[in-house]
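Source file: work.pdb; contents: PDB, N, CA and C atoms.
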ATOM      1  N   MET A   1       0.839  -1.173   0.000
ATOM      2  CA  MET A   1       0.000   0.000   0.000
ATOM      3  C   MET A   1       0.890   1.245   0.000
ATOM      4  N   GLU A   2       0.630   2.164  -0.905
ATOM      5  CA  GLU A   2       1.429   3.379  -0.991
ATOM      6  C   GLU A   2       0.787   4.499  -0.181
ATOM      7  N   PRO A   3       1.599   5.350   0.432
ATOM      8  CA  PRO A   3       1.025   6.465   1.185
ATOM      9  C   PRO A   3       0.352   7.464   0.249
ATOM     10  N   TYR A   4      -0.613   8.181   0.796
ATOM     11  CA  TYR A   4      -1.340   9.187   0.021
ATOM     12  C   TYR A   4      -0.410  10.346  -0.320
ATOM     13  N   LYS A   5      -0.437  10.782  -1.554
ATOM     14  CA  LYS A   5       0.378  11.912  -1.982
ATOM     15  C   LYS A   5      -0.539  13.105  -2.216
ATOM     16  N   ALA A   6      -0.405  14.103  -1.374
ATOM     17  CA  ALA A   6      -1.247  15.296  -1.478
ATOM     18  C   ALA A   6      -0.843  16.107  -2.688
ATOM     19  N   LYS A   7      -1.809  16.749  -3.312
ATOM     20  CA  LYS A   7      -1.545  17.591  -4.465
ATOM     21  C   LYS A   7      -0.968  18.921  -3.995
ATOM     22  N   GLU A   8      -0.141  19.512  -4.830
ATOM     23  CA  GLU A   8       0.424  20.816  -4.531
ATOM     24  C   GLU A   8      -0.682  21.872  -4.554
ATOM     25  N   LEU A   9      -0.610  22.818  -3.661
ATOM     26  CA  LEU A   9      -1.582  23.917  -3.659
ATOM     27  C   LEU A   9      -1.089  25.032  -4.551
ATOM     28  N   PRO A  10      -1.864  25.763  -5.223
ATOM     29  CA  PRO A  10      -3.315  25.572  -5.359
ATOM     30  C   PRO A  10      -3.593  24.467  -6.352
ATOM     31  N   PHE A  11      -4.586  23.637  -6.057
ATOM     32  CA  PHE A  11      -4.931  22.559  -6.966
ATOM     33  C   PHE A  11      -6.063  23.001  -7.894
ATOM     34  N   GLU A  12      -6.196  22.295  -8.967
ATOM     35  CA  GLU A  12      -7.206  22.632  -9.968
ATOM     36  C   GLU A  12      -8.586  22.146  -9.516
ATOM     37  N   TYR A  13      -9.603  22.923  -9.774
ATOM     38  CA  TYR A  13     -10.973  22.517  -9.507
ATOM     39  C   TYR A  13     -11.884  23.224 -10.504
ATOM     40  N   ASN A  14     -13.042  22.646 -10.685
ATOM     41  CA  ASN A  14     -14.016  23.223 -11.609
ATOM     42  C   ASN A  14     -15.060  24.002 -10.831
ATOM     43  N   LEU A  15     -15.243  25.253 -11.207
ATOM     44  CA  LEU A  15     -16.267  26.073 -10.564
ATOM     45  C   LEU A  15     -17.484  26.078 -11.477
ATOM     46  N   ASP A  16     -18.316  25.050 -11.299
ATOM     47  CA  ASP A  16     -19.515  24.970 -12.116
ATOM     48  C   ASP A  16     -20.640  25.784 -11.476
ATOM     49  N   LYS A  17     -21.783  25.792 -12.105
ATOM     50  CA  LYS A  17     -22.912  26.608 -11.651
ATOM     51  C   LYS A  17     -23.344  26.232 -10.233
ATOM     52  N   GLU A  18     -23.425  24.938  -9.948
ATOM     53  CA  GLU A  18     -23.851  24.482  -8.627
ATOM     54  C   GLU A  18     -22.860  24.920  -7.544
ATOM     55  N   MET A  19     -21.565  24.782  -7.820
ATOM     56  CA  MET A  19     -20.548  25.203  -6.856
ATOM     57  C   MET A  19     -20.595  26.709  -6.641
ATOM     58  N   PHE A  20     -20.792  27.456  -7.712
ATOM     59  CA  PHE A  20     -20.868  28.910  -7.609
ATOM     60  C   PHE A  20     -22.049  29.330  -6.727
ATOM     61  N   ILE A  21     -23.179  28.659  -6.868
ATOM     62  CA  ILE A  21     -24.360  28.956  -6.046
ATOM     63  C   ILE A  21     -24.065  28.647  -4.582
ATOM     64  N   LEU A  22     -23.416  27.521  -4.313
ATOM     65  CA  LEU A  22     -23.084  27.155  -2.929
ATOM     66  C   LEU A  22     -22.116  28.156  -2.299
ATOM     67  N   VAL A  23     -21.128  28.593  -3.050
ATOM     68  CA  VAL A  23     -20.170  29.577  -2.539
ATOM     69  C   VAL A  23     -20.879  30.898  -2.256
ATOM     70  N   ALA A  24     -21.778  31.310  -3.126
ATOM     71  CA  ALA A  24     -22.526  32.554  -2.920
ATOM     72  C   ALA A  24     -23.409  32.457  -1.675
ATOM     73  N   GLU A  25     -24.067  31.313  -1.475
ATOM     74  CA  GLU A  25     -24.906  31.117  -0.284
ATOM     75  C   GLU A  25     -24.055  31.136   0.987
ATOM     76  N   ALA A  26     -22.910  30.480   0.941
ATOM     77  CA  ALA A  26     -22.017  30.457   2.103
ATOM     78  C   ALA A  26     -21.524  31.860   2.420
ATOM     79  N   ASN A  27     -21.202  32.621   1.399
ATOM     80  CA  ASN A  27     -20.741  33.991   1.594
ATOM     81  C   ASN A  27     -21.834  34.846   2.232
ATOM     82  N   ALA A  28     -23.071  34.682   1.771
ATOM     83  CA  ALA A  28     -24.195  35.433   2.336
ATOM     84  C   ALA A  28     -24.415  35.061   3.802
ATOM     85  N   LYS A  29     -24.363  33.778   4.111
ATOM     86  CA  LYS A  29     -24.542  33.324   5.502
ATOM     87  C   LYS A  29     -23.419  33.839   6.399
ATOM     88  N   TYR A  30     -22.201  33.852   5.864
ATOM     89  CA  TYR A  30     -21.070  34.373   6.629
ATOM     90  C   TYR A  30     -21.268  35.859   6.940
ATOM     91  N   GLY A  31     -21.760  36.607   5.965
ATOM     92  CA  GLY A  31     -22.049  38.030   6.178
ATOM     93  C   GLY A  31     -23.117  38.236   7.237
ATOM     94  N   GLU A  32     -24.166  37.397   7.202
ATOM     95  CA  GLU A  32     -25.216  37.480   8.223
ATOM     96  C   GLU A  32     -24.648  37.179   9.606
ATOM     97  N   TYR A  33     -23.814  36.164   9.681
ATOM     98  CA  TYR A  33     -23.201  35.758  10.944
ATOM     99  C   TYR A  33     -22.337  36.882  11.511
ATOM    100  N   LYS A  34     -21.502  37.490  10.652
ATOM    101  CA  LYS A  34     -20.634  38.582  11.120
ATOM    102  C   LYS A  34     -21.452  39.770  11.590
ATOM    103  N   SER A  35     -22.507  40.129  10.865
ATOM    104  CA  SER A  35     -23.313  41.277  11.280
ATOM    105  C   SER A  35     -24.053  40.976  12.575
ATOM    106  N   LEU A  36     -24.489  39.747  12.752
ATOM    107  CA  LEU A  36     -25.157  39.361  13.995
ATOM    108  C   LEU A  36     -24.193  39.459  15.176
ATOM    109  N   LEU A  37     -22.971  38.972  14.988
ATOM    110  CA  LEU A  37     -21.983  39.051  16.061
ATOM    111  C   LEU A  37     -21.659  40.499  16.425
ATOM    112  N   ASN A  38     -21.627  41.367  15.429
ATOM    113  CA  ASN A  38     -21.314  42.772  15.688
ATOM    114  C   ASN A  38     -22.436  43.498  16.399
ATOM    115  N   THR A  39     -23.673  43.024  16.247
ATOM    116  CA  THR A  39     -24.796  43.717  16.886
ATOM    117  C   THR A  39     -25.117  43.171  18.264
ATOM    118  N   LEU A  40     -24.638  41.988  18.585
ATOM    119  CA  LEU A  40     -24.926  41.402  19.892
ATOM    120  C   LEU A  40     -24.126  42.104  20.982
ATOM    121  N   GLU A  41     -24.771  42.340  22.095
ATOM    122  CA  GLU A  41     -24.049  42.828  23.273
ATOM    123  C   GLU A  41     -23.737  41.594  24.110
ATOM    124  N   PHE A  42     -22.613  40.996  23.794
ATOM    125  CA  PHE A  42     -22.260  39.703  24.341
ATOM    126  C   PHE A  42     -20.813  39.724  24.774
ATOM    127  N   ASP A  43     -20.564  39.312  25.989
ATOM    128  CA  ASP A  43     -19.195  39.248  26.480
ATOM    129  C   ASP A  43     -18.631  37.863  26.166
ATOM    130  N   SER A  44     -17.738  37.817  25.212
ATOM    131  CA  SER A  44     -17.204  36.530  24.755
ATOM    132  C   SER A  44     -16.368  35.835  25.834
ATOM    133  N   ALA A  45     -15.971  36.558  26.865
ATOM    134  CA  ALA A  45     -15.158  35.941  27.917
ATOM    135  C   ALA A  45     -15.900  34.788  28.587
ATOM    136  N   TYR A  46     -17.225  34.919  28.737
ATOM    137  CA  TYR A  46     -17.993  33.840  29.360
ATOM    138  C   TYR A  46     -17.996  32.588  28.493
ATOM    139  N   LEU A  47     -18.144  32.776  27.199
ATOM    140  CA  LEU A  47     -18.125  31.640  26.278
ATOM    141  C   LEU A  47     -16.747  31.001  26.262
ATOM    142  N   LEU A  48     -15.706  31.825  26.185
ATOM    143  CA  LEU A  48     -14.348  31.289  26.128
ATOM    144  C   LEU A  48     -13.984  30.551  27.409
ATOM    145  N   GLU A  49     -14.422  31.074  28.541
ATOM    146  CA  GLU A  49     -14.164  30.408  29.824
ATOM    147  C   GLU A  49     -14.782  29.017  29.816
ATOM    148  N   SER A  50     -15.995  28.921  29.316
ATOM    149  CA  SER A  50     -16.690  27.644  29.249
ATOM    150  C   SER A  50     -15.977  26.675  28.309
ATOM    151  N   VAL A  51     -15.533  27.173  27.168
ATOM    152  CA  VAL A  51     -14.828  26.330  26.202
ATOM    153  C   VAL A  51     -13.504  25.850  26.787
ATOM    154  N   LEU A  52     -12.786  26.734  27.450
ATOM    155  CA  LEU A  52     -11.504  26.345  28.050
ATOM    156  C   LEU A  52     -11.688  25.270  29.111
ATOM    157  N   LEU A  53     -12.702  25.441  29.954
ATOM    158  CA  LEU A  53     -12.953  24.438  30.983
ATOM    159  C   LEU A  53     -13.323  23.098  30.356
ATOM    160  N   LYS A  54     -14.155  23.136  29.342
ATOM    161  CA  LYS A  54     -14.592  21.903  28.679
ATOM    162  C   LYS A  54     -13.402  21.176  28.048
ATOM    163  N   GLU A  55     -12.533  21.915  27.369
ATOM    164  CA  GLU A  55     -11.364  21.298  26.743
ATOM    165  C   GLU A  55     -10.406  20.740  27.790
ATOM    166  N   SER A  56     -10.227  21.471  28.881
ATOM    167  CA  SER A  56      -9.363  20.981  29.959
ATOM    168  C   SER A  56      -9.940  19.703  30.555
ATOM    169  N   TYR A  57     -11.253  19.685  30.725
ATOM    170  CA  TYR A  57     -11.919  18.504  31.275
ATOM    171  C   TYR A  57     -11.728  17.303  30.360
ATOM    172  N   LYS A  58     -11.948  17.505  29.064
ATOM    173  CA  LYS A  58     -11.815  16.397  28.117
ATOM    174  C   LYS A  58     -10.375  15.873  28.084
ATOM    175  N   SER A  59      -9.405  16.771  28.199
ATOM    176  CA  SER A  59      -8.004  16.350  28.215
ATOM    177  C   SER A  59      -7.694  15.504  29.438
ATOM    178  N   THR A  60      -8.245  15.888  30.567
ATOM    179  CA  THR A  60      -7.938  15.149  31.794
ATOM    180  C   THR A  60      -8.784  13.896  31.939
ATOM    181  N   GLN A  61      -9.857  13.770  31.184
ATOM    182  CA  GLN A  61     -10.664  12.550  31.229
ATOM    183  C   GLN A  61      -9.842  11.338  30.810
ATOM    184  N   ILE A  62      -8.913  11.576  29.911
ATOM    185  CA  ILE A  62      -8.045  10.494  29.454
ATOM    186  C   ILE A  62      -7.297   9.902  30.642
ATOM    187  N   GLU A  63      -6.963  10.758  31.593
ATOM    188  CA  GLU A  63      -6.226  10.321  32.775
ATOM    189  C   GLU A  63      -7.146   9.950  33.928
ATOM    190  N   GLU A  64      -8.441   9.796  33.612
ATOM    191  CA  GLU A  64      -9.451   9.355  34.571
ATOM    192  C   GLU A  64      -9.577  10.260  35.793
ATOM    193  N   THR A  65      -9.796  11.545  35.560
ATOM    194  CA  THR A  65     -10.044  12.446  36.679
ATOM    195  C   THR A  65     -11.378  12.104  37.328
ATOM    196  N   GLN A  66     -11.518  12.474  38.569
ATOM    197  CA  GLN A  66     -12.721  12.151  39.329
ATOM    198  C   GLN A  66     -13.712  13.320  39.382
ATOM    199  N   ILE A  67     -13.469  14.364  38.615
ATOM    200  CA  ILE A  67     -14.353  15.527  38.606
ATOM    201  C   ILE A  67     -15.397  15.338  37.522
ATOM    202  N   THR A  68     -16.647  15.628  37.863
ATOM    203  CA  THR A  68     -17.715  15.517  36.872
ATOM    204  C   THR A  68     -17.783  16.802  36.052
ATOM    205  N   GLN A  69     -18.502  16.707  34.956
ATOM    206  CA  GLN A  69     -18.628  17.861  34.076
ATOM    207  C   GLN A  69     -19.360  19.010  34.780
ATOM    208  N   GLU A  70     -20.330  18.695  35.614
ATOM    209  CA  GLU A  70     -21.067  19.732  36.337
ATOM    210  C   GLU A  70     -20.170  20.464  37.338
ATOM    211  N   GLU A  71     -19.237  19.729  37.927
ATOM    212  CA  GLU A  71     -18.347  20.326  38.922
ATOM    213  C   GLU A  71     -17.339  21.295  38.313
ATOM    214  N   LEU A  72     -17.163  21.238  37.007
ATOM    215  CA  LEU A  72     -16.209  22.131  36.343
ATOM    216  C   LEU A  72     -16.472  23.593  36.667
ATOM    217  N   TYR A  73     -17.742  23.941  36.709
ATOM    218  CA  TYR A  73     -18.107  25.342  36.878
ATOM    219  C   TYR A  73     -18.016  25.805  38.332
ATOM    220  N   TYR A  74     -17.701  24.866  39.223
ATOM    221  CA  TYR A  74     -17.552  25.206  40.638
ATOM    222  C   TYR A  74     -16.133  24.979  41.135
ATOM    223  N   LEU A  75     -15.185  24.867  40.224
ATOM    224  CA  LEU A  75     -13.801  24.586  40.607
ATOM    225  C   LEU A  75     -13.255  25.615  41.590
ATOM    226  N   LYS A  76     -13.638  26.880  41.389
ATOM    227  CA  LYS A  76     -13.127  27.940  42.265
ATOM    228  C   LYS A  76     -13.553  27.739  43.715
ATOM    229  N   TYR A  77     -14.680  27.062  43.902
ATOM    230  CA  TYR A  77     -15.251  26.925  45.239
ATOM    231  C   TYR A  77     -15.034  25.543  45.843
ATOM    232  N   MET A  78     -14.463  24.646  45.057
ATOM    233  CA  MET A  78     -14.244  23.283  45.536
ATOM    234  C   MET A  78     -12.956  23.176  46.335
ATOM    235  N   GLU A  79     -12.896  22.113  47.118
ATOM    236  CA  GLU A  79     -11.659  21.804  47.823
ATOM    237  C   GLU A  79     -10.580  21.482  46.780
ATOM    238  N   VAL A  80      -9.403  22.035  46.982
ATOM    239  CA  VAL A  80      -8.320  21.825  46.020
ATOM    240  C   VAL A  80      -7.776  20.413  46.188
ATOM    241  N   ASN A  81      -7.768  19.681  45.073
ATOM    242  CA  ASN A  81      -7.171  18.344  45.052
ATOM    243  C   ASN A  81      -6.401  18.192  43.741
ATOM    244  N   ASP A  82      -5.808  17.045  43.541
ATOM    245  CA  ASP A  82      -4.985  16.839  42.339
ATOM    246  C   ASP A  82      -5.784  17.019  41.054
ATOM    247  N   ASP A  83      -7.006  16.502  41.017
ATOM    248  CA  ASP A  83      -7.824  16.598  39.806
ATOM    249  C   ASP A  83      -8.207  18.034  39.488
ATOM    250  N   SER A  84      -8.636  18.767  40.500
ATOM    251  CA  SER A  84      -9.030  20.165  40.255
ATOM    252  C   SER A  84      -7.819  21.006  39.871
ATOM    253  N   LYS A  85      -6.664  20.727  40.495
ATOM    254  CA  LYS A  85      -5.433  21.447  40.137
ATOM    255  C   LYS A  85      -5.039  21.164  38.698
ATOM    256  N   GLU A  86      -5.202  19.908  38.274
ATOM    257  CA  GLU A  86      -4.826  19.531  36.917
ATOM    258  C   GLU A  86      -5.683  20.264  35.886
ATOM    259  N   ILE A  87      -6.975  20.333  36.122
ATOM    260  CA  ILE A  87      -7.865  21.038  35.194
ATOM    261  C   ILE A  87      -7.550  22.528  35.193
ATOM    262  N   GLU A  88      -7.345  23.094  36.355
ATOM    263  CA  GLU A  88      -7.022  24.520  36.446
ATOM    264  C   GLU A  88      -5.689  24.820  35.757
ATOM    265  N   ASN A  89      -4.713  23.939  35.918
ATOM    266  CA  ASN A  89      -3.417  24.128  35.257
ATOM    267  C   ASN A  89      -3.542  24.076  33.737
ATOM    268  N   LEU A  90      -4.333  23.147  33.238
ATOM    269  CA  LEU A  90      -4.540  23.068  31.790
ATOM    270  C   LEU A  90      -5.214  24.332  31.267
ATOM    271  N   LYS A  91      -6.212  24.806  31.994
ATOM    272  CA  LYS A  91      -6.899  26.036  31.602
ATOM    273  C   LYS A  91      -5.923  27.210  31.597
ATOM    274  N   ASN A  92      -5.105  27.308  32.613
ATOM    275  CA  ASN A  92      -4.124  28.394  32.684
ATOM    276  C   ASN A  92      -3.087  28.302  31.569
ATOM    277  N   THR A  93      -2.710  27.079  31.200
ATOM    278  CA  THR A  93      -1.756  26.885  30.108
ATOM    279  C   THR A  93      -2.321  27.396  28.796
ATOM    280  N   ILE A  94      -3.587  27.089  28.537
ATOM    281  CA  ILE A  94      -4.232  27.550  27.302
ATOM    282  C   ILE A  94      -4.332  29.073  27.301
ATOM    283  N   GLU A  95      -4.699  29.661  28.438
ATOM    284  CA  GLU A  95      -4.788  31.123  28.524
ATOM    285  C   GLU A  95      -3.415  31.773  28.325
ATOM    286  N   TYR A  96      -2.374  31.173  28.894
ATOM    287  CA  TYR A  96      -1.016  31.684  28.728
ATOM    288  C   TYR A  96      -0.598  31.643  27.256
ATOM    289  N   ALA A  97      -0.910  30.529  26.594
ATOM    290  CA  ALA A  97      -0.576  30.406  25.162
ATOM    291  C   ALA A  97      -1.303  31.464  24.352
ATOM    292  N   LYS A  98      -2.564  31.718  24.692
ATOM    293  CA  LYS A  98      -3.337  32.726  23.968
ATOM    294  C   LYS A  98      -2.724  34.105  24.137
ATOM    295  N   ILE A  99      -2.335  34.447  25.340
ATOM    296  CA  ILE A  99      -1.716  35.749  25.607
ATOM    297  C   ILE A  99      -0.382  35.866  24.873
ATOM    298  N   SER A 100       0.399  34.797  24.901
ATOM    299  CA  SER A 100       1.695  34.800  24.218
ATOM    300  C   SER A 100       1.529  34.968  22.711
ATOM    301  N   LEU A 101       0.547  34.303  22.144
ATOM    302  CA  LEU A 101       0.300  34.433  20.713
ATOM    303  C   LEU A 101      -0.176  35.838  20.359
ATOM    304  N   ASN A 102      -0.996  36.438  21.199
ATOM    305  CA  ASN A 102      -1.484  37.788  20.942
ATOM    306  C   ASN A 102      -0.347  38.814  21.001
ATOM    307  N   LYS A 103       0.648  38.577  21.859
ATOM    308  CA  LYS A 103       1.786  39.484  21.947
ATOM    309  C   LYS A 103       2.657  39.444  20.690
ATOM    310  N   LYS A 104       2.711  38.271  20.044
ATOM    311  CA  LYS A 104       3.545  38.113  18.854
ATOM    312  C   LYS A 104       2.915  38.699  17.601
ATOM    313  N   THR A 105       1.594  38.858  17.612
ATOM    314  CA  THR A 105       0.928  39.386  16.413
ATOM    315  C   THR A 105       0.734  40.870  16.481
TER     316      THR A 105
END
Can you dump the structure from the file as structure tokens?
Amino acid sequence: MEPYKAKELPFEYNLDKEMFILVAEANAKYGEYKSLLNTLEFDSAYLLESVLLKESYKSTQIEETQITQEELYYLKYMEVNDDSKEIENLKNTIEYAKISLNKKT
């Protein structure tokens, strides 16, 4: 069995009528999405905090942590143990990486 050989970018493709319609629809939906995000009075920090906790939880599940998904949102108020420290450390690592990347750009 031979390994897959990826084509060099940019690769050739046919932009037929159906594809053109799909691209136009996607572009319109993207515009609607961007305008909706700009009009919402929404603090993205709450969403990002939730995503970070969820990703940290999923990463530590591999190592069989004893914290449930519901307990994630109460980590600040829970007794500190190895599992809660591990999730908090992972969350802090992701936040540190984000800050470091923002400084470089």
Item checked: Which of segment 16-95 of chain A fall in alpha helix (DSSP H), as a PyMOL selection string -> chain A and resi 17-39+44-61+82-95
Check: Looking at A:Ala24, A:Ile87, A:Ile94, A:Met19, which one is nearest to Gln61 of chain A, with distances taken over only C-alpha atoms?
Finding: A:Ile87
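Between atom N of Leu75 of chain A and atom C of Lys91 of chain A the separation is 12.9 Å.
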Identify the residues around (-7.5, 33.0, 26.4) within a radius of 9 Å, measuring from only C-alpha atoms in the coordinates stated by the file, and give them as a tab-separated table (two decimals) with N, CA and C atoms, in the coordinates of the input.
chain	number	residue	atom	x	y	z
A	45	ALA	N	-15.97	36.56	26.86
A	45	ALA	CA	-15.16	35.94	27.92
A	45	ALA	C	-15.90	34.79	28.59
A	48	LEU	N	-15.71	31.82	26.18
A	48	LEU	CA	-14.35	31.29	26.13
A	48	LEU	C	-13.98	30.55	27.41
A	49	GLU	N	-14.42	31.07	28.54
A	49	GLU	CA	-14.16	30.41	29.82
A	49	GLU	C	-14.78	29.02	29.82
A	52	LEU	N	-12.79	26.73	27.45
A	52	LEU	CA	-11.50	26.34	28.05
A	52	LEU	C	-11.69	25.27	29.11
A	91	LYS	N	-6.21	24.81	31.99
A	91	LYS	CA	-6.90	26.04	31.60
A	91	LYS	C	-5.92	27.21	31.60
A	92	ASN	N	-5.11	27.31	32.61
A	92	ASN	CA	-4.12	28.39	32.68
A	92	ASN	C	-3.09	28.30	31.57
A	94	ILE	N	-3.59	27.09	28.54
A	94	ILE	CA	-4.23	27.55	27.30
A	94	ILE	C	-4.33	29.07	27.30
A	95	GLU	N	-4.70	29.66	28.44
A	95	GLU	CA	-4.79	31.12	28.52
A	95	GLU	C	-3.42	31.77	28.32
A	96	TYR	N	-2.37	31.17	28.89
A	96	TYR	CA	-1.02	31.68	28.73
A	96	TYR	C	-0.60	31.64	27.26
A	97	ALA	N	-0.91	30.53	26.59
A	97	ALA	CA	-0.58	30.41	25.16
A	97	ALA	C	-1.30	31.46	24.35
A	98	LYS	N	-2.56	31.72	24.69
A	98	LYS	CA	-3.34	32.73	23.97
A	98	LYS	C	-2.72	34.10	24.14
A	99	ILE	N	-2.34	34.45	25.34
A	99	ILE	CA	-1.72	35.75	25.61
A	99	ILE	C	-0.38	35.87	24.87
Quick one: axis-aligned box around all listed atoms of segment 59-66 of chain A, 4 Å on every side, centre and edge lengths in Å to one decimal, written as JSON.
{"center_x": -10.0, "center_y": 13.1, "center_z": 33.8, "size_x": 15.5, "size_y": 15.4, "size_z": 19.2}
Checklist line | Residue neighbourhood Thr65 of chain A, 12 Å, only C-alpha atoms, exclusion window fewer than 5 positions, as number ranges by chain | finding: A: 56-60, 71-72, 81-87
